Amino acid sequence: MTTYETLNVSDNFFSALIRAEAADKCECDNVRTVYVDRDPTHFRYVLNSMRGSCVLPDSRLALSEIAIEADYYNLFELRDMATGMCRHLEDMENVARARQENAANQISIVLFRLDAIGQTLRRIAPHFG
């Protein structure tokens, strides 16, 4: 169960629902179920962000999906945090990829030089008997 205070933490999708209920003179002390037609996969991150948590997964796909959900719910701080973390992970992956490519190039250079040394040794070996 989530309280009205949590849902009304900022100007978002849920606070708009609360304002609409208040305009309809709804009994706010009653427990009410609201159904939102969205994929619930990342809803815990949406709800936890309204409760003050900023813990997010370290998957670019999950972060992208959370950013989309946060945008839908007008939770722009969560959207920006998820988008920023997604970019950071992408940057880290690009750095790792560049390091792997650099290491592969260095290995190719070493192998080329070893091959050249081997050819030279085969060419001069008959002269030494």
# chains A, B, ... in the order shown; residues from 1 in each chain; ligands from 1

$ residues_around --residues "Gly52 (chain A)" --least-positions-apart "2" --cutoff "12 Å" --atoms "only C-alpha atoms" --output "VMD selection string"
chain A and resid 6 to 7 9 to 10 45 to 50 54 to 55 77 to 78

$ write_last_selection --atoms "all heavy atoms" --output "compact mmCIF listing (two decimals), in the first residue's frame"
# COMPACT_ATOMS: atom_id res chain seq x y z
N THR A 6 3.13 9.92 -0.22
CA THR A 6 4.17 9.45 -1.15
C THR A 6 3.82 9.81 -2.58
O THR A 6 4.66 10.30 -3.33
CB THR A 6 4.35 7.92 -1.03
OG1 THR A 6 4.80 7.62 0.29
CG2 THR A 6 5.36 7.41 -2.04
N LEU A 7 2.58 9.58 -2.96
CA LEU A 7 2.17 9.84 -4.33
C LEU A 7 2.11 11.33 -4.65
O LEU A 7 2.23 11.73 -5.81
CB LEU A 7 0.80 9.20 -4.60
CG LEU A 7 0.77 7.68 -4.51
CD1 LEU A 7 -0.65 7.18 -4.71
CD2 LEU A 7 1.72 7.03 -5.49
N VAL A 9 4.22 13.65 -3.65
CA VAL A 9 5.51 14.23 -3.29
C VAL A 9 5.94 15.36 -4.23
O VAL A 9 6.67 16.24 -3.84
CB VAL A 9 6.59 13.12 -3.19
CG1 VAL A 9 6.98 12.61 -4.56
CG2 VAL A 9 7.81 13.60 -2.44
N SER A 10 5.51 15.34 -5.46
CA SER A 10 5.85 16.40 -6.41
C SER A 10 4.73 16.50 -7.43
O SER A 10 3.75 15.76 -7.37
CB SER A 10 7.19 16.10 -7.10
OG SER A 10 7.06 14.92 -7.89
N TYR A 45 10.97 0.98 -9.00
CA TYR A 45 11.92 2.10 -9.05
C TYR A 45 11.18 3.44 -9.08
O TYR A 45 11.62 4.41 -8.48
CB TYR A 45 12.84 1.97 -10.26
CG TYR A 45 13.71 0.73 -10.19
CD1 TYR A 45 13.46 -0.36 -11.02
CD2 TYR A 45 14.76 0.64 -9.28
CE1 TYR A 45 14.24 -1.49 -10.95
CE2 TYR A 45 15.54 -0.50 -9.20
CZ TYR A 45 15.27 -1.57 -10.03
OH TYR A 45 16.05 -2.70 -9.95
N VAL A 46 10.05 3.46 -9.79
CA VAL A 46 9.22 4.67 -9.84
C VAL A 46 8.73 4.99 -8.44
O VAL A 46 8.88 6.11 -7.94
CB VAL A 46 8.04 4.48 -10.82
CG1 VAL A 46 7.03 5.59 -10.69
CG2 VAL A 46 8.55 4.36 -12.26
N LEU A 47 8.14 4.01 -7.78
CA LEU A 47 7.58 4.21 -6.45
C LEU A 47 8.67 4.53 -5.43
O LEU A 47 8.53 5.46 -4.62
CB LEU A 47 6.80 2.97 -6.03
CG LEU A 47 5.93 3.08 -4.80
CD1 LEU A 47 4.94 4.22 -4.94
CD2 LEU A 47 5.21 1.76 -4.57
N ASN A 48 9.77 3.80 -5.48
CA ASN A 48 10.87 4.05 -4.53
C ASN A 48 11.48 5.43 -4.72
O ASN A 48 11.91 6.06 -3.76
CB ASN A 48 11.94 2.97 -4.64
CG ASN A 48 11.49 1.67 -4.00
OD1 ASN A 48 10.60 1.66 -3.16
ND2 ASN A 48 12.08 0.57 -4.40
N SER A 49 11.51 5.93 -5.95
CA SER A 49 12.05 7.29 -6.16
C SER A 49 11.15 8.32 -5.49
O SER A 49 11.64 9.31 -4.95
CB SER A 49 12.21 7.60 -7.65
OG SER A 49 10.96 7.87 -8.25
N MET A 50 9.84 8.08 -5.48
CA MET A 50 8.93 9.01 -4.80
C MET A 50 9.08 8.89 -3.28
O MET A 50 8.73 9.82 -2.56
CB MET A 50 7.49 8.75 -5.22
CG MET A 50 7.24 9.13 -6.67
SD MET A 50 5.51 9.08 -7.17
CE MET A 50 5.11 7.36 -7.02
N CYS A 54 17.25 6.40 -4.45
CA CYS A 54 17.85 6.66 -5.77
C CYS A 54 18.67 5.46 -6.24
O CYS A 54 19.59 5.60 -7.02
CB CYS A 54 18.69 7.94 -5.75
SG CYS A 54 20.01 7.90 -4.56
N VAL A 55 18.32 4.28 -5.76
CA VAL A 55 19.02 3.06 -6.17
C VAL A 55 18.40 2.58 -7.48
O VAL A 55 17.19 2.37 -7.56
CB VAL A 55 18.91 1.97 -5.09
CG1 VAL A 55 19.54 0.68 -5.57
CG2 VAL A 55 19.54 2.44 -3.80
N GLU A 77 13.18 14.07 -12.28
CA GLU A 77 14.46 13.80 -11.61
C GLU A 77 14.87 12.35 -11.83
O GLU A 77 16.04 12.06 -12.11
CB GLU A 77 14.38 14.11 -10.12
CG GLU A 77 14.40 15.59 -9.81
CD GLU A 77 14.39 15.85 -8.31
OE1 GLU A 77 15.07 15.11 -7.57
OE2 GLU A 77 13.69 16.80 -7.91
N LEU A 78 13.92 11.44 -11.68
CA LEU A 78 14.21 10.01 -11.91
C LEU A 78 14.59 9.79 -13.36
O LEU A 78 15.55 9.07 -13.66
CB LEU A 78 13.00 9.15 -11.53
CG LEU A 78 13.13 7.65 -11.82
CD1 LEU A 78 14.29 7.04 -11.04
CD2 LEU A 78 11.82 6.94 -11.49

$ residues_around --residues "Phe13 (chain A)" --least-positions-apart "4" --cutoff "9 Å" --atoms "only C-alpha atoms" --output "MDAnalysis selection string"
chainID A and resid 7 17 72:75

$ write_last_selection --atoms "N, CA, C and O atoms" --output "compact mmCIF listing (two decimals), in the first residue's frame"
# COMPACT_ATOMS: atom_id res chain seq x y z
N LEU A 7 2.58 9.58 -2.96
CA LEU A 7 2.17 9.84 -4.33
C LEU A 7 2.11 11.33 -4.65
O LEU A 7 2.23 11.73 -5.81
N LEU A 17 -3.79 12.80 -10.14
CA LEU A 17 -4.93 11.96 -9.77
C LEU A 17 -5.52 12.38 -8.43
O LEU A 17 -6.74 12.44 -8.25
N TYR A 72 6.78 9.19 -18.36
CA TYR A 72 5.32 9.02 -18.40
C TYR A 72 4.68 9.55 -17.12
O TYR A 72 3.65 10.21 -17.15
N TYR A 73 5.30 9.24 -15.98
CA TYR A 73 4.76 9.65 -14.68
C TYR A 73 5.16 11.07 -14.28
O TYR A 73 4.87 11.50 -13.17
N ASN A 74 5.83 11.78 -15.17
CA ASN A 74 6.30 13.15 -14.90
C ASN A 74 7.26 13.21 -13.71
O ASN A 74 7.25 14.18 -12.95
N LEU A 75 8.06 12.20 -13.56
CA LEU A 75 9.09 12.16 -12.52
C LEU A 75 10.42 12.48 -13.19
O LEU A 75 11.22 11.61 -13.49

$ atom_distance --atom1 "CA of Ala104 (chain A)" --atom2 "CA of Met92 (chain A)"
18.3 Å

$ select_by_dssp --residues "region 1-98 of chain A" --states "alpha helix (DSSP H)" --output "MDAnalysis selection string"
chainID A and resid 4:7 13:23 43:50 60:72 76:98

$ residues_around --residues "Ala62 (chain A)" --least-positions-apart "5" --cutoff "9 Å" --atoms "only C-alpha atoms" --output "PyMOL selection string"
chain A and resi 42+56-57+67+82+86

$ closest_residue --among "A:Leu121, A:Ala103, A:Ala16, A:Ala116" --to "Tyr4 (chain A)" --atoms "only C-alpha atoms"
A:Ala16

$ atom_distance --atom1 "CA of Arg123 (chain A)" --atom2 "CA of Ile109 (chain A)"
21.2 Å

$ closest_residue --among "A:Arg97, A:Arg60, A:Arg122, A:Arg113" --to "Met85 (chain A)" --atoms "only C-alpha atoms"
A:Arg60

$ atom_distance --atom1 "CA of Glu21 (chain A)" --atom2 "CA of Tyr35 (chain A)"
14.4 Å

$ closest_residue --among "A:Glu5, A:Ala70, A:Leu63, A:Asn102" --to "Thr83 (chain A)" --atoms "only C-alpha atoms"
A:Leu63

$ closest_residue --among "A:Leu89, A:Met1, A:Ile117, A:Met81" --to "Leu61 (chain A)" --atoms "only C-alpha atoms"
A:Leu89
